[in-house]
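Visitor: Quick one, start_35.csv (CSV, C-alpha atoms):
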```
chain,number,residue,atom,x,y,z
R,272,MET,CA,19.0,-20.1,-2.7
R,273,ASN,CA,18.8,-22.1,0.6
R,274,VAL,CA,18.1,-20.2,3.8
R,275,GLY,CA,17.8,-21.5,7.3
R,276,GLY,CA,14.5,-19.9,8.0
R,277,ILE,CA,12.1,-17.0,8.2
R,278,LYS,CA,10.4,-15.4,11.1
R,279,PHE,CA,7.7,-12.7,11.5
R,280,SER,CA,7.5,-9.9,14.0
R,281,PRO,CA,4.4,-9.0,15.8
R,282,GLU,CA,2.6,-5.9,14.5
R,283,LEU,CA,4.8,-2.8,14.7
R,284,VAL,CA,4.9,0.9,14.0
R,285,GLN,CA,7.8,2.4,12.1
R,286,TYR,CA,9.1,5.9,12.7
R,287,THR,CA,11.7,7.7,10.6
R,288,CYS,CA,13.1,11.0,11.8
R,289,ARG,CA,15.9,13.3,10.9
R,290,GLN,CA,17.9,15.8,12.8
R,291,VAL,CA,16.8,19.4,12.1
R,292,ALA,CA,20.3,20.7,12.9
R,293,THR,CA,23.7,19.2,13.8
R,294,ALA,CA,23.2,20.3,17.4
R,295,ASP,CA,19.7,18.6,17.5
R,296,ASN,CA,19.9,16.1,20.3
R,297,SER,CA,16.4,14.8,20.1
R,298,LEU,CA,17.3,11.3,19.0
R,299,PRO,CA,19.3,10.4,22.2
R,300,ALA,CA,16.6,12.1,24.2
R,301,VAL,CA,13.8,10.0,22.6
R,302,LEU,CA,15.9,6.8,22.9
R,303,ARG,CA,16.5,7.6,26.6
R,304,GLN,CA,12.9,8.3,27.3
R,305,MET,CA,11.8,5.1,25.5
R,306,ALA,CA,14.3,3.1,27.5
R,307,GLY,CA,13.0,4.8,30.7
R,308,ARG,CA,9.5,3.7,29.8
R,309,ARG,CA,10.6,0.2,29.0
R,310,ILE,CA,9.6,0.5,25.3
R,311,ASN,CA,11.6,-2.0,23.3
R,312,LEU,CA,12.9,-1.1,19.8
R,313,THR,CA,12.8,-4.2,17.8
R,314,TYR,CA,14.6,-2.5,14.9
R,315,PHE,CA,16.8,0.5,14.6
R,316,CYS,CA,19.0,1.8,11.8
R,317,SER,CA,20.5,5.2,10.8
R,318,ASP,CA,22.4,6.9,8.1
R,319,ARG,CA,23.2,10.5,7.2
R,320,ASP,CA,21.8,13.4,5.1
R,321,GLY,CA,25.0,15.3,4.8
R,322,ASP,CA,25.7,16.2,8.4
R,323,LEU,CA,22.3,15.3,9.7
R,324,LEU,CA,21.4,11.9,11.1
R,325,ARG,CA,18.3,10.1,9.8
R,326,SER,CA,17.1,7.2,11.8
R,327,THR,CA,14.3,4.6,11.5
R,328,PHE,CA,13.0,2.5,14.4
R,329,CYS,CA,10.1,0.2,15.2
R,330,VAL,CA,8.1,-0.4,18.3
R,331,ALA,CA,5.3,-2.7,19.1
R,332,ALA,CA,1.9,-1.3,17.9
R,333,ALA,CA,0.7,-1.2,21.6
R,334,ALA,CA,3.5,1.2,22.5
R,335,ALA,CA,3.0,3.6,19.6
R,336,LEU,CA,0.7,6.1,21.3
R,337,GLU,CA,3.2,6.5,24.0
R,338,VAL,CA,6.0,7.0,21.4
R,339,ASP,CA,3.8,9.6,19.6
R,340,ALA,CA,3.5,11.5,22.8
R,341,LEU,CA,7.3,11.4,23.4
R,342,LEU,CA,8.0,12.6,19.9
R,343,ALA,CA,5.5,15.4,20.3
R,344,ALA,CA,7.1,16.6,23.5
R,345,VAL,CA,10.8,16.3,22.7
R,346,GLU,CA,12.7,19.5,22.0
R,347,PRO,CA,15.7,19.4,19.6
R,348,GLY,CA,17.8,21.5,21.8
R,349,ASP,CA,18.4,25.0,23.1
R,350,GLY,CA,18.1,27.7,20.5
R,351,ILE,CA,17.0,25.3,17.7
R,352,ALA,CA,13.8,26.5,16.1
R,353,VAL,CA,11.4,23.9,14.6
R,354,ALA,CA,8.8,25.3,12.3
R,355,GLN,CA,6.9,22.1,11.7
R,356,PRO,CA,5.0,19.9,14.2
R,357,TRP,CA,6.5,16.5,14.9
R,358,ALA,CA,3.9,14.8,12.7
R,359,ASP,CA,5.3,16.7,9.7
R,360,ARG,CA,9.0,15.9,10.6
R,361,VAL,CA,8.6,12.3,11.4
R,362,GLN,CA,7.5,9.6,8.9
R,363,ARG,CA,5.2,7.3,10.8
R,364,ILE,CA,4.0,4.0,9.2
R,365,ALA,CA,1.5,1.9,11.2
R,366,GLY,CA,0.8,-1.8,10.5
R,367,ILE,CA,4.4,-2.8,9.9
R,368,GLY,CA,5.7,-6.4,10.1
R,369,THR,CA,9.4,-7.3,10.0
R,370,LEU,CA,10.2,-10.3,8.0
R,371,THR,CA,13.5,-11.8,9.1
R,372,ILE,CA,15.4,-14.1,6.8
R,373,PHE,CA,18.4,-16.0,8.1
R,374,PRO,CA,21.3,-16.5,7.5
R,375,HIS,CA,22.1,-13.8,4.8
R,376,ARG,CA,25.7,-15.1,4.4
R,377,HIS,CA,26.6,-11.5,3.5
R,378,SER,CA,25.2,-12.1,0.1
R,379,PRO,CA,24.0,-9.2,-2.1
R,380,THR,CA,22.5,-11.8,-4.3
R,381,LEU,CA,20.1,-13.0,-1.7
R,382,LEU,CA,19.4,-9.5,-0.5
R,383,GLY,CA,18.8,-8.2,-4.0
R,384,ARG,CA,16.6,-11.0,-5.1
R,385,VAL,CA,14.5,-10.7,-2.0
R,386,VAL,CA,14.0,-7.0,-2.5
R,387,ALA,CA,13.4,-7.3,-6.2
R,388,ALA,CA,10.9,-10.1,-5.7
R,389,LEU,CA,8.9,-8.2,-3.1
R,390,ALA,CA,8.9,-4.9,-5.0
R,391,GLY,CA,8.1,-6.7,-8.2
R,392,ALA,CA,5.0,-8.3,-6.6
R,393,GLY,CA,3.8,-4.9,-5.4
R,394,ILE,CA,4.8,-5.4,-1.8
R,395,ALA,CA,6.1,-2.1,-0.5
R,396,VAL,CA,9.4,-2.4,1.3
R,397,HIS,CA,9.4,0.3,4.0
R,398,GLY,CA,13.0,-0.4,5.2
R,399,LEU,CA,15.6,-3.0,5.8
R,400,CYS,CA,18.5,-3.7,7.9
R,401,THR,CA,21.0,-6.5,8.2
R,402,SER,CA,22.4,-7.9,11.5
R,403,ILE,CA,25.3,-10.2,11.9
R,404,SER,CA,23.5,-13.0,10.2
R,405,ALA,CA,19.9,-12.0,9.4
R,406,LEU,CA,18.2,-9.8,6.9
R,407,SER,CA,15.2,-7.9,8.4
R,408,VAL,CA,12.8,-6.4,5.9
R,409,ASN,CA,9.9,-4.1,7.0
R,410,ILE,CA,6.7,-4.6,5.0
R,411,ASP,CA,3.0,-4.2,5.7
R,412,TYR,CA,2.0,-6.6,8.5
R,413,LEU,CA,-1.0,-7.9,6.7
R,414,LEU,CA,1.3,-8.9,3.7
R,415,LEU,CA,3.7,-11.1,5.7
R,416,ASP,CA,2.2,-14.4,4.6
R,417,GLY,CA,1.8,-13.2,1.0
R,418,ALA,CA,5.5,-12.2,1.0
R,419,VAL,CA,6.6,-15.7,2.0
R,420,ALA,CA,4.6,-17.0,-1.0
R,421,VAL,CA,6.4,-14.5,-3.3
R,422,LEU,CA,9.8,-15.3,-1.8
R,423,ALA,CA,9.2,-19.0,-2.5
R,424,ALA,CA,10.3,-18.2,-6.0
R,425,VAL,CA,13.8,-17.1,-4.9
R,426,ILE,CA,14.6,-18.9,-1.7
R,427,ASP,CA,14.3,-22.4,-0.4
R,428,LEU,CA,13.2,-23.0,3.1
R,429,PRO,CA,14.0,-26.2,5.1
R,430,GLU,CA,11.4,-28.9,4.8
R,431,HIS,CA,10.2,-28.9,8.3
R,432,HIS,CA,10.3,-25.2,9.0
R,433,SER,CA,9.1,-23.9,12.4
R,434,PRO,CA,6.1,-21.5,12.4
R,435,PHE,CA,6.9,-18.1,11.0
R,436,ARG,CA,4.9,-16.3,13.7
R,437,PRO,CA,6.3,-16.2,17.3
R,438,GLU,CA,4.7,-18.8,19.5
R,439,PHE,CA,5.6,-16.8,22.6
R,440,ALA,CA,6.4,-13.3,23.5
R,441,VAL,CA,9.3,-12.2,25.7
R,442,THR,CA,8.7,-9.0,27.7
R,443,GLN,CA,11.3,-7.5,29.9
R,444,ILE,CA,9.6,-6.3,33.0
R,445,LYS,CA,10.6,-4.0,35.8
R,446,ARG,CA,14.2,-4.4,37.0
R,447,PRO,CA,14.2,-5.9,40.5
R,448,VAL,CA,15.5,-3.8,43.4
R,449,SER,CA,19.2,-4.4,44.0
R,450,GLY,CA,20.0,-6.6,46.9
R,451,ILE,CA,16.9,-8.9,46.7
R,452,PHE,CA,18.9,-11.7,45.2
B,148,MET,CA,0.4,-19.5,29.9
B,149,GLU,CA,2.9,-17.1,31.3
B,150,THR,CA,6.3,-18.0,32.5
B,151,ILE,CA,8.4,-15.6,34.5
B,152,ALA,CA,12.1,-15.9,34.6
B,153,VAL,CA,14.3,-13.7,36.6
B,154,TYR,CA,17.7,-12.4,35.3
B,155,TRP,CA,19.3,-9.2,36.4
B,156,GLU,CA,22.5,-7.5,35.4
B,157,PRO,CA,23.6,-4.1,36.6
B,158,GLN,CA,25.1,-3.3,33.3
B,159,ILE,CA,24.3,-4.8,29.9
B,160,ARG,CA,26.5,-7.7,29.1
B,161,ILE,CA,27.6,-8.4,25.6
B,162,TYR,CA,29.6,-11.2,24.0
B,163,GLY,CA,32.3,-9.1,22.4
B,164,VAL,CA,33.1,-6.1,20.3
B,165,THR,CA,34.7,-6.4,16.8
B,166,THR,CA,36.3,-3.6,14.9
B,167,VAL,CA,36.7,-3.7,11.1
B,168,ILE,CA,38.7,-0.9,9.4
B,169,GLY,CA,39.3,0.1,5.8
B,170,LEU,CA,35.7,-0.4,4.7
B,171,SER,CA,33.8,1.5,2.0
B,172,LEU,CA,30.4,3.0,2.6
B,173,TYR,CA,28.2,3.5,-0.5
B,174,THR,CA,24.9,5.5,-0.2
B,175,VAL,CA,22.4,5.4,-3.1
B,176,MET,CA,19.2,7.4,-3.4
B,177,PHE,CA,16.5,6.5,-5.7
B,178,PRO,CA,12.7,6.7,-6.2
B,179,ALA,CA,10.8,3.9,-4.2
B,180,GLY,CA,9.2,2.9,-7.5
B,181,GLU,CA,12.7,1.7,-8.7
B,182,LEU,CA,13.2,-0.7,-5.9
B,183,ALA,CA,12.7,-3.8,-8.0
B,184,SER,CA,15.4,-2.7,-10.5
B,185,ARG,CA,17.7,-1.7,-7.6
B,186,GLY,CA,17.2,-5.1,-6.1
B,187,GLU,CA,18.4,-6.7,-9.4
B,188,LEU,CA,21.4,-4.4,-9.4
B,189,ILE,CA,22.2,-5.4,-5.8
B,190,ALA,CA,21.9,-9.0,-6.8
B,191,SER,CA,24.4,-8.5,-9.6
B,192,LEU,CA,26.9,-7.2,-7.0
B,193,GLY,CA,26.8,-10.6,-5.5
B,194,GLN,CA,27.3,-12.3,-8.8
B,195,ALA,CA,30.4,-10.1,-9.2
B,196,GLY,CA,31.8,-11.5,-5.9
B,197,VAL,CA,31.0,-8.6,-3.6
B,198,THR,CA,30.0,-9.4,0.0
B,199,PHE,CA,28.5,-6.8,2.4
B,200,GLU,CA,29.2,-6.0,6.0
B,201,LEU,CA,26.0,-4.0,6.6
B,202,VAL,CA,23.1,-2.9,4.6
B,203,THR,CA,20.3,-0.5,5.6
B,204,LEU,CA,17.4,1.0,3.6
B,205,GLN,CA,15.5,4.0,4.8
B,206,PRO,CA,12.5,5.8,3.5
B,207,LEU,CA,13.0,9.5,2.6
B,208,PRO,CA,10.4,12.2,2.0
B,209,ALA,CA,8.8,12.5,-1.4
B,210,GLY,CA,8.7,8.8,-2.2
B,211,GLU,CA,12.5,8.3,-2.3
B,212,MET,CA,14.6,5.7,-0.5
B,213,ARG,CA,18.3,5.6,0.5
B,214,LEU,CA,20.3,2.4,0.5
B,215,SER,CA,23.5,2.3,2.5
B,216,LEU,CA,26.0,-0.5,1.8
B,217,VAL,CA,29.1,-1.2,3.8
B,218,LEU,CA,31.5,-3.3,1.8
B,219,ALA,CA,34.8,-5.0,2.6
B,220,PRO,CA,37.9,-3.4,1.3
B,221,ASP,CA,39.0,-4.3,-2.1
B,222,ASP,CA,40.1,-1.7,-4.7
B,223,ASP,CA,39.1,-3.8,-7.7
B,224,ARG,CA,35.8,-4.5,-6.2
B,225,ASP,CA,35.2,-0.9,-5.4
B,226,ARG,CA,35.7,0.0,-9.0
B,227,GLN,CA,33.3,-2.8,-10.0
B,228,VAL,CA,30.7,-1.5,-7.6
B,229,SER,CA,31.1,2.1,-8.8
B,230,ARG,CA,30.6,1.0,-12.4
B,231,LEU,CA,27.5,-1.0,-11.5
B,232,LEU,CA,26.0,1.8,-9.5
B,233,GLU,CA,26.7,4.2,-12.4
B,234,SER,CA,25.1,1.9,-14.9
B,235,GLY,CA,22.0,1.4,-12.7
B,236,THR,CA,18.6,2.6,-13.9
B,237,GLY,CA,18.3,6.3,-13.6
B,238,ALA,CA,21.5,6.6,-11.5
B,239,GLY,CA,22.5,10.1,-12.5
B,240,PRO,CA,25.4,12.1,-11.0
B,241,GLY,CA,24.8,12.7,-7.3
B,242,SER,CA,22.4,9.8,-6.8
B,243,TRP,CA,25.2,7.7,-5.1
B,244,ARG,CA,28.4,8.4,-3.3
B,245,ARG,CA,31.2,6.5,-1.8
B,246,GLN,CA,33.0,7.3,1.5
B,247,ALA,CA,36.2,5.4,2.2
B,248,PRO,CA,37.9,4.4,4.3
B,249,VAL,CA,35.3,4.0,7.1
B,250,GLU,CA,35.4,1.8,10.2
B,251,MET,CA,32.8,-0.4,11.7
B,252,VAL,CA,32.3,-1.6,15.3
B,253,TYR,CA,29.9,-4.4,15.9
B,254,LEU,CA,28.8,-6.2,19.0
B,255,HIS,CA,26.3,-8.8,19.8
B,256,GLY,CA,24.6,-9.9,22.9
B,257,PRO,CA,21.9,-12.0,24.4
B,258,HIS,CA,18.4,-11.3,23.0
B,259,PHE,CA,18.9,-7.7,22.1
B,260,GLN,CA,15.7,-7.6,20.2
B,261,ASP,CA,13.6,-8.5,23.2
B,262,ARG,CA,15.1,-6.0,25.6
B,263,TYR,CA,14.5,-2.3,25.9
B,264,GLY,CA,17.3,0.2,26.2
B,265,ILE,CA,19.8,-1.5,24.0
B,266,ALA,CA,19.8,1.0,21.1
B,267,GLU,CA,20.0,3.9,23.6
B,268,ALA,CA,23.0,2.2,25.3
B,269,ALA,CA,24.8,1.8,22.0
B,270,ILE,CA,23.9,5.1,20.2
B,271,ALA,CA,23.7,7.7,22.9
B,272,PRO,CA,27.3,7.5,24.2
B,273,VAL,CA,28.7,7.7,20.6
B,274,LEU,CA,26.6,10.8,19.8
B,275,ALA,CA,27.5,12.3,23.2
B,276,ALA,CA,31.2,11.9,22.3
B,277,SER,CA,30.5,13.8,19.0
B,278,ILE,CA,31.6,10.8,16.9
B,279,PRO,CA,29.9,11.1,13.6
B,280,LEU,CA,27.7,8.1,13.2
B,281,LEU,CA,27.7,7.5,9.5
B,282,ALA,CA,25.4,4.5,9.6
B,283,SER,CA,24.1,2.0,12.1
B,284,GLY,CA,22.0,-1.1,12.3
B,285,CYS,CA,20.4,-2.7,15.4
B,286,SER,CA,18.3,-5.7,14.8
B,287,GLY,CA,18.3,-9.3,16.0
B,288,THR,CA,21.1,-9.8,18.4
B,289,SER,CA,23.7,-7.4,17.0
B,290,ILE,CA,24.5,-3.8,16.7
B,291,HIS,CA,26.7,-2.3,13.9
B,292,LEU,CA,28.1,1.2,14.1
B,293,VAL,CA,29.9,2.8,11.1
B,294,VAL,CA,32.1,5.7,11.9
B,295,PRO,CA,34.8,7.7,10.0
B,296,ALA,CA,38.4,6.5,9.8
B,297,ASP,CA,40.3,6.6,13.1
B,298,CYS,CA,37.1,6.7,15.1
B,299,ALA,CA,36.6,3.0,15.9
B,300,ALA,CA,38.8,3.0,18.9
B,301,ARG,CA,37.0,5.9,20.5
B,302,THR,CA,33.7,4.3,19.7
B,303,VAL,CA,34.7,1.1,21.5
B,304,ASP,CA,35.8,3.2,24.5
B,305,CYS,CA,32.3,4.8,24.5
B,306,LEU,CA,30.6,1.5,24.4
B,307,GLY,CA,32.6,0.5,27.4
B,308,GLN,CA,30.7,3.1,29.4
B,309,THR,CA,27.4,1.2,28.9
B,310,PHE,CA,28.2,-2.4,28.2
B,311,VAL,CA,30.2,-5.1,29.9
B,312,ILE,CA,32.2,-7.0,27.4
B,313,ASP,CA,32.1,-10.8,27.9
B,314,SER,CA,34.6,-12.8,25.9
B,315,ARG,CA,32.7,-16.1,26.2
B,316,PRO,CA,31.3,-17.3,22.9
B,317,ALA,CA,27.6,-17.1,22.4
B,318,ALA,CA,25.9,-20.5,23.0
B,319,GLY,CA,23.5,-22.1,20.5
B,320,ARG,CA,22.4,-21.1,17.1
B,321,ASN,CA,22.6,-17.5,16.1
B,322,ASN,CA,19.7,-16.2,14.0
B,323,GLY,CA,21.0,-12.7,14.0
```
Is it possible to express this structure as structure tokens?

Guide:
Amino acid sequence: MNVGGIKFSPELVQYTCRQVATADNSLPAVLRQMAGRRINLTYFCSDRDGDLLRSTFCVAAAAALEVDALLAAVEPGDGIAVAQPWADRVQRIAGIGTLTIFPHRHSPTLLGRVVAALAGAGIAVHGLCTSISALSVNIDYLLLDGAVAVLAAVIDLPEHHSPFRPEFAVTQIKRPVSGIF
Amino acid sequence: METIAVYWEPQIRIYGVTTVIGLSLYTVMFPAGELASRGELIASLGQAGVTFELVTLQPLPAGEMRLSLVLAPDDDRDRQVSRLLESGTGAGPGSWRRQAPVEMVYLHGPHFQDRYGIAEAAIAPVLAASIPLLASGCSGTSIHLVVPADCAARTVDCLGQTFVIDSRPAAGRNNG
């Protein structure tokens, strides 16, 4: 199957957390605090366990200690008792790399073959999410190059593909004070 | 080498909001060790003519995973998908379910992936309005929010609190 290209993320840490009660508002609290600290989420997805929201997000490895501290400090809400410490409630996977394949053309065939090829080669898939045109698959960062070799059996890349790894990093820095411009 | 470019907007600008109604949301739980066979099952959906609107896969405790598939409306196709899921390896009763109809709101904007605060701007107002968020995906340059029937319009209203909707088409190639 022809695709337009593949790109790799920098090294990330993946967190998966679930509400402990329907009134648990820790997710918006954590998102707000991460935004306030200018921590970028390169990946976010959610679904539901019955009435409870389960979400997975990724941040740059350099931001992970700060996110750990935020998660340790966040309270689910008034009157909601939490028996377990955050480390037992949150699945944290370090050394994640997102492999992005584009375009997916809304094709389960591409998606399924990619997943089957990676899993069949023993490359653990820690999560995936589609965007409007791309398929983002979270695997071990150190296996990104190996994954491309595996995927060569199911996808065809353009002849002169640009480098998989980003050649520059974009960082949004502090918002300027209103009125300067 | 470092290049600094200055761009400032008081409110996050996006290229548009699209609503799709009448969708089906399938969720499938399975052991992580079955991912290869599940992948083959998903591929067979494509061969049956199915297309997806959104797919997410999340890890669960105890070595399980949950796949969420949002599919375009089509009764025949829904029956086909149900049959395929039922015939999947180890897919016993209760390992998958279908919720329909559901609605999806998606939006895309400039360089979401490189900017902090985008997920918060999209998710927090929806949760604050007590709209049940059935599934969501935020990667690349787009955000997808899946909500129950008759909730998409309220969701769009919520997004209007945090985003400025620009009707101009996105320039250049879109890599998602």

Visitor: Should the cut-off be 6 Å, what would the residue list for chain B against chain R look like, counting only C-alpha atoms, as a ChimeraX atom specification?

Guide: /B:183,186-187,189-190,193,198-199,201-205,260,262-264,267,271,281-286,289,323

Visitor: Would you compute the distance between atom CA of Ile168 of chain B and atom CA of Ala299 of chain B? Give it in Å to one decimal.

Guide: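 We find that atom CA of Ile168 of chain B and atom CA of Ala299 of chain B lie 7.9 Å from each other.
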
Visitor: In Å, rounded to a single decimal, give me how far atom CA of Leu306 of chain B is from atom CA of Val338 of chain R.

Guide: 25.4 Å

Visitor: Would you mind listing what lies within 6 Å of segment 421-428 of chain R as a short mmCIF file (atom, residue, chain, number, x, y, z; two decimals) with C-alpha atoms, keeping the file's coordinate frame, with all atoms listed in the file counted and same-chain residues fewer than 6 positions away left out?

Guide:
```cif
data_model
loop_
_atom_site.label_atom_id
_atom_site.label_comp_id
_atom_site.auth_asym_id
_atom_site.auth_seq_id
_atom_site.Cartn_x
_atom_site.Cartn_y
_atom_site.Cartn_z
CA MET R 272 19.00 -20.10 -2.70
CA ASN R 273 18.80 -22.10 0.60
CA VAL R 274 18.10 -20.20 3.80
CA GLY R 276 14.50 -19.90 8.00
#
```

Visitor: Write out as a PyMOL selection string each polymer residue whose atoms come within 7 Å of Trp243 of chain B, counting all atoms listed in the file; drop sequence neighbours fewer than 2 positions from it.

Guide: chain B and resi 173-176+241+245

Visitor: Determine, counting all atoms listed in the file, which protein, DNA and RNA residues have an atom within 10 Å of an atom of Ala219 of chain B; residues of the same chain fewer than 3 positions away are not included. Present the result as JSON, numbers by chain.

Guide: {"B": [167, 168, 169, 170, 171, 172, 197, 198, 199, 200, 201, 216, 222, 224, 225]}

Visitor: I'd like the interatomic distance between atom CA of Leu214 of chain B and atom CA of Ala266 of chain B, to a tenth of an Å.

Guide: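 Atom CA of Ala266 of chain B lies at a distance of 20.7 Å from atom CA of Leu214 of chain B.
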